[in-house]
Amino acid sequence: MSVSATAFELLHLELATQMIARHEPPVALFRLDGMGFDVGQRLGDKYSLKHEPRLVGDLQVVKWICKDFWQRTFMKDIDTLKTDYQGTFLLCDNDFHVLQPFIAGSASKEELMPYLSFPCGMIRGALFSLGVEANVTAEVDTHEDNYVKLPKCSFRISVKPAASENEQINN
C-alpha cells in the first residue's frame with residue numbers, strides 16, 4: 001500500500017471518529033456523506049478532465065468509477081460490478097482498505113455505517129461530476145451472529161431517472 005493511500009485511510013478514520021464523537025449519528029452520517037460528496041466531485045472532475053470522448057450513459061460512467069476512479073482513489077480495482085440494467089448497480093470490493101482497522105474487533109453494521117458514509121458520498125460526488133445523479137448506500141455481509149465479514153463491502157448505486165425535457169423547460 002502506498003503512503004498516500006495510508007494517509008487517506010488514517011485521515012478518513014480520524015475524520016469519521018471525530019464526527020461520531022461530536023454529533024448524533026444521523027447528523028454525523030449526513031455531514032460525512034456531504035464531505036465525501038465534495039471530495040468525490042472534485043476528484044471526479046480532476047480524474048475525468050482528460051477523458052475524451054465524454055462518457056455517455058449510466059453504465060459507462062459506473063464502469064469508469066469501477067476502473068479509473070477506484071484505482072486512483074483506493075489504489076486497487078473494484079472486484080465485481082453487477083447491474084440489473086434498470087439503473088441499479090452493485091460495486092463489490094472484497095478487500096476495502098477503509099475497513100481494515102475493524103478486522104480485529106467485532107463491529108456491527110450500525111457501528112460501521114459512519115465509516116462508510118464518506119466513501120458513499122465520494123462515489124455520489126464523482127457520479128455527479130459526470131452528470132449522473134444517484135443514491136449510494138453501503139452494504140456489508142454478516143455472519144449468523146450479526147457481525148460483519150470484514151473487510152468485504154458493497155456499494156449500491158441507484159441512479160435517479162433523468163428529468164424529462166418538459167420538466168426541464170417548465171423549471
# chains A, B, ... in the order shown; residues from 1 in each chain; ligands from 1

call {"tool": "residues_around", "arguments": {"residues": "segment 81-91 of chain A", "least_positions_apart": "4", "cutoff": "7 Å", "atoms": "only C-alpha atoms", "output": "list in words"}}
result
Ser154, Phe155, Arg156, Ile157, Ser158 and Val159 of chain A

call {"tool": "write_last_selection", "arguments": {"atoms": "all heavy atoms", "output": "PDB file, in the first residue's frame"}}
result
ATOM      1  N   SER A 154     -19.879  -3.659  -0.125  1.00  0.00           N
ATOM      2  CA  SER A 154     -20.522  -3.392  -1.412  1.00  0.00           C
ATOM      3  C   SER A 154     -21.165  -2.018  -1.367  1.00  0.00           C
ATOM      4  O   SER A 154     -21.611  -1.562  -0.315  1.00  0.00           O
ATOM      5  CB  SER A 154     -21.596  -4.437  -1.711  1.00  0.00           C
ATOM      6  OG  SER A 154     -21.043  -5.725  -1.741  1.00  0.00           O
ATOM      7  N   PHE A 155     -21.214  -1.383  -2.515  1.00  0.00           N
ATOM      8  CA  PHE A 155     -21.863  -0.080  -2.642  1.00  0.00           C
ATOM      9  C   PHE A 155     -22.969  -0.207  -3.682  1.00  0.00           C
ATOM     10  O   PHE A 155     -22.709  -0.562  -4.830  1.00  0.00           O
ATOM     11  CB  PHE A 155     -20.852   0.994  -3.053  1.00  0.00           C
ATOM     12  CG  PHE A 155     -19.803   1.222  -2.011  1.00  0.00           C
ATOM     13  CD1 PHE A 155     -18.601   0.525  -2.052  1.00  0.00           C
ATOM     14  CD2 PHE A 155     -20.017   2.105  -0.974  1.00  0.00           C
ATOM     15  CE1 PHE A 155     -17.636   0.713  -1.084  1.00  0.00           C
ATOM     16  CE2 PHE A 155     -19.053   2.299   0.007  1.00  0.00           C
ATOM     17  CZ  PHE A 155     -17.857   1.602  -0.053  1.00  0.00           C
ATOM     18  N   ARG A 156     -24.192   0.090  -3.261  1.00  0.00           N
ATOM     19  CA  ARG A 156     -25.351   0.024  -4.155  1.00  0.00           C
ATOM     20  C   ARG A 156     -25.621   1.424  -4.698  1.00  0.00           C
ATOM     21  O   ARG A 156     -25.843   2.360  -3.937  1.00  0.00           O
ATOM     22  CB  ARG A 156     -26.579  -0.502  -3.433  1.00  0.00           C
ATOM     23  CG  ARG A 156     -27.790  -0.669  -4.354  1.00  0.00           C
ATOM     24  CD  ARG A 156     -28.938  -1.375  -3.675  1.00  0.00           C
ATOM     25  NE  ARG A 156     -28.557  -2.689  -3.182  1.00  0.00           N
ATOM     26  CZ  ARG A 156     -28.520  -3.793  -3.932  1.00  0.00           C
ATOM     27  NH1 ARG A 156     -28.816  -3.727  -5.214  1.00  0.00           N
ATOM     28  NH2 ARG A 156     -28.187  -4.948  -3.399  1.00  0.00           N
ATOM     29  N   ILE A 157     -25.565   1.536  -6.014  1.00  0.00           N
ATOM     30  CA  ILE A 157     -25.822   2.802  -6.701  1.00  0.00           C
ATOM     31  C   ILE A 157     -27.189   2.708  -7.360  1.00  0.00           C
ATOM     32  O   ILE A 157     -27.412   1.842  -8.201  1.00  0.00           O
ATOM     33  CB  ILE A 157     -24.747   3.091  -7.771  1.00  0.00           C
ATOM     34  CG1 ILE A 157     -23.370   3.174  -7.123  1.00  0.00           C
ATOM     35  CG2 ILE A 157     -25.083   4.352  -8.546  1.00  0.00           C
ATOM     36  CD1 ILE A 157     -22.226   3.245  -8.116  1.00  0.00           C
ATOM     37  N   SER A 158     -28.081   3.600  -6.979  1.00  0.00           N
ATOM     38  CA  SER A 158     -29.411   3.683  -7.593  1.00  0.00           C
ATOM     39  C   SER A 158     -29.480   5.006  -8.334  1.00  0.00           C
ATOM     40  O   SER A 158     -29.576   6.075  -7.718  1.00  0.00           O
ATOM     41  CB  SER A 158     -30.511   3.613  -6.539  1.00  0.00           C
ATOM     42  OG  SER A 158     -30.425   2.409  -5.830  1.00  0.00           O
ATOM     43  N   VAL A 159     -29.418   4.930  -9.657  1.00  0.00           N
ATOM     44  CA  VAL A 159     -29.412   6.131 -10.482  1.00  0.00           C
ATOM     45  C   VAL A 159     -30.809   6.735 -10.497  1.00  0.00           C
ATOM     46  O   VAL A 159     -31.806   6.036 -10.685  1.00  0.00           O
ATOM     47  CB  VAL A 159     -28.953   5.798 -11.917  1.00  0.00           C
ATOM     48  CG1 VAL A 159     -29.044   7.019 -12.815  1.00  0.00           C
ATOM     49  CG2 VAL A 159     -27.531   5.249 -11.901  1.00  0.00           C
TER      50      VAL A 159
END

call {"tool": "residues_around", "arguments": {"residues": "segment 58-68 of chain A", "least_positions_apart": "2", "cutoff": "9 Å", "atoms": "only C-alpha atoms", "output": "ChimeraX atom specification"}}
result
/A:44,47-48,55-56,70-73,76-81,83,85,87,89,91,123,126-127,130-132,157,159

call {"tool": "select_by_dssp", "arguments": {"residues": "segment 8-120 of chain A", "states": "alpha helix (DSSP H)", "output": "MDAnalysis selection string"}}
result
chainID A and resid 8:22 25:47 58:64 70:74 109:120

call {"tool": "select_by_dssp", "arguments": {"residues": "chain A", "states": "strand (DSSP E or B)", "output": "JSON, numbers by chain"}}
result
{"A": [80, 81, 82, 83, 88, 89, 90, 91, 92, 93, 134, 135, 136, 137, 138, 139, 142, 148, 153, 154, 155, 156, 157, 158, 159]}

call {"tool": "residues_around", "arguments": {"residues": "Pro151 of chain A", "least_positions_apart": "6", "cutoff": "12 Å", "atoms": "only C-alpha atoms", "output": "list in words"}}
result
Cys92, Asp93, Asn94, Asp95, Phe96, His97, Val98, Leu99, Gln100, Pro101, Phe102, Ile103, Ala104, Gly105, Ser106, Ala107, Leu112, Leu116, Glu139, Val140, Asp141 and Thr142 of chain A

call {"tool": "write_last_selection", "arguments": {"atoms": "C-alpha atoms", "output": "PDB file, in the first residue's frame"}}
result
ATOM      1  CA  CYS A  92     -18.260  -5.152  -4.612  1.00  0.00           C
ATOM      2  CA  ASP A  93     -14.862  -4.683  -3.004  1.00  0.00           C
ATOM      3  CA  ASN A  94     -13.659  -7.837  -1.259  1.00  0.00           C
ATOM      4  CA  ASP A  95     -10.774  -6.040   0.448  1.00  0.00           C
ATOM      5  CA  PHE A  96     -11.964  -2.500   1.199  1.00  0.00           C
ATOM      6  CA  HIS A  97      -8.968  -0.993   2.985  1.00  0.00           C
ATOM      7  CA  VAL A  98     -11.061   1.604   4.830  1.00  0.00           C
ATOM      8  CA  LEU A  99     -12.470  -1.244   6.945  1.00  0.00           C
ATOM      9  CA  GLN A 100      -9.081  -2.799   7.781  1.00  0.00           C
ATOM     10  CA  PRO A 101      -8.892  -1.204  11.272  1.00  0.00           C
ATOM     11  CA  PHE A 102     -12.051  -3.078  12.284  1.00  0.00           C
ATOM     12  CA  ILE A 103     -10.925  -6.606  11.373  1.00  0.00           C
ATOM     13  CA  ALA A 104      -9.598  -7.452  14.834  1.00  0.00           C
ATOM     14  CA  GLY A 105     -12.817  -6.397  16.600  1.00  0.00           C
ATOM     15  CA  SER A 106     -16.386  -7.481  16.206  1.00  0.00           C
ATOM     16  CA  ALA A 107     -18.125  -4.449  14.742  1.00  0.00           C
ATOM     17  CA  LEU A 112     -19.527   0.734  10.628  1.00  0.00           C
ATOM     18  CA  LEU A 116     -18.831   4.088   5.095  1.00  0.00           C
ATOM     19  CA  GLU A 139     -23.728  -2.814   2.426  1.00  0.00           C
ATOM     20  CA  VAL A 140     -21.695  -5.273   4.452  1.00  0.00           C
ATOM     21  CA  ASP A 141     -22.277  -9.024   4.706  1.00  0.00           C
ATOM     22  CA  THR A 142     -22.938 -10.518   8.107  1.00  0.00           C
TER      23      THR A 142
END

call {"tool": "atom_distance", "arguments": {"atom1": "atom CA of Thr137 of chain A", "atom2": "atom CA of Arg42 of chain A"}}
result
20.0 Å

call {"tool": "atom_distance", "arguments": {"atom1": "atom CA of Asn135 of chain A", "atom2": "atom CA of Ala16 of chain A"}}
result
20.2 Å

call {"tool": "closest_residue", "arguments": {"among": "A:Gly57, A:Leu150, A:Ala162, A:Asp33", "to": "Arg124 of chain A", "atoms": "only C-alpha atoms"}}
result
A:Asp33

call {"tool": "closest_residue", "arguments": {"among": "A:Ser129, A:Lys160, A:Phe118, A:Val136", "to": "Leu11 of chain A", "atoms": "only C-alpha atoms"}}
result
A:Phe118

call {"tool": "closest_residue", "arguments": {"among": "A:Leu15, A:Ser4, A:Glu133, A:Leu10", "to": "Gly36 of chain A", "atoms": "only C-alpha atoms"}}
result
A:Leu15

call {"tool": "atom_distance", "arguments": {"atom1": "atom CA of Pro114 of chain A", "atom2": "atom CA of Glu24 of chain A"}}
result
10.8 Å

call {"tool": "closest_residue", "arguments": {"among": "A:Ala7, A:Gly34, A:Ala134, A:Met75", "to": "Gly121 of chain A", "atoms": "only C-alpha atoms"}}
result
A:Gly34
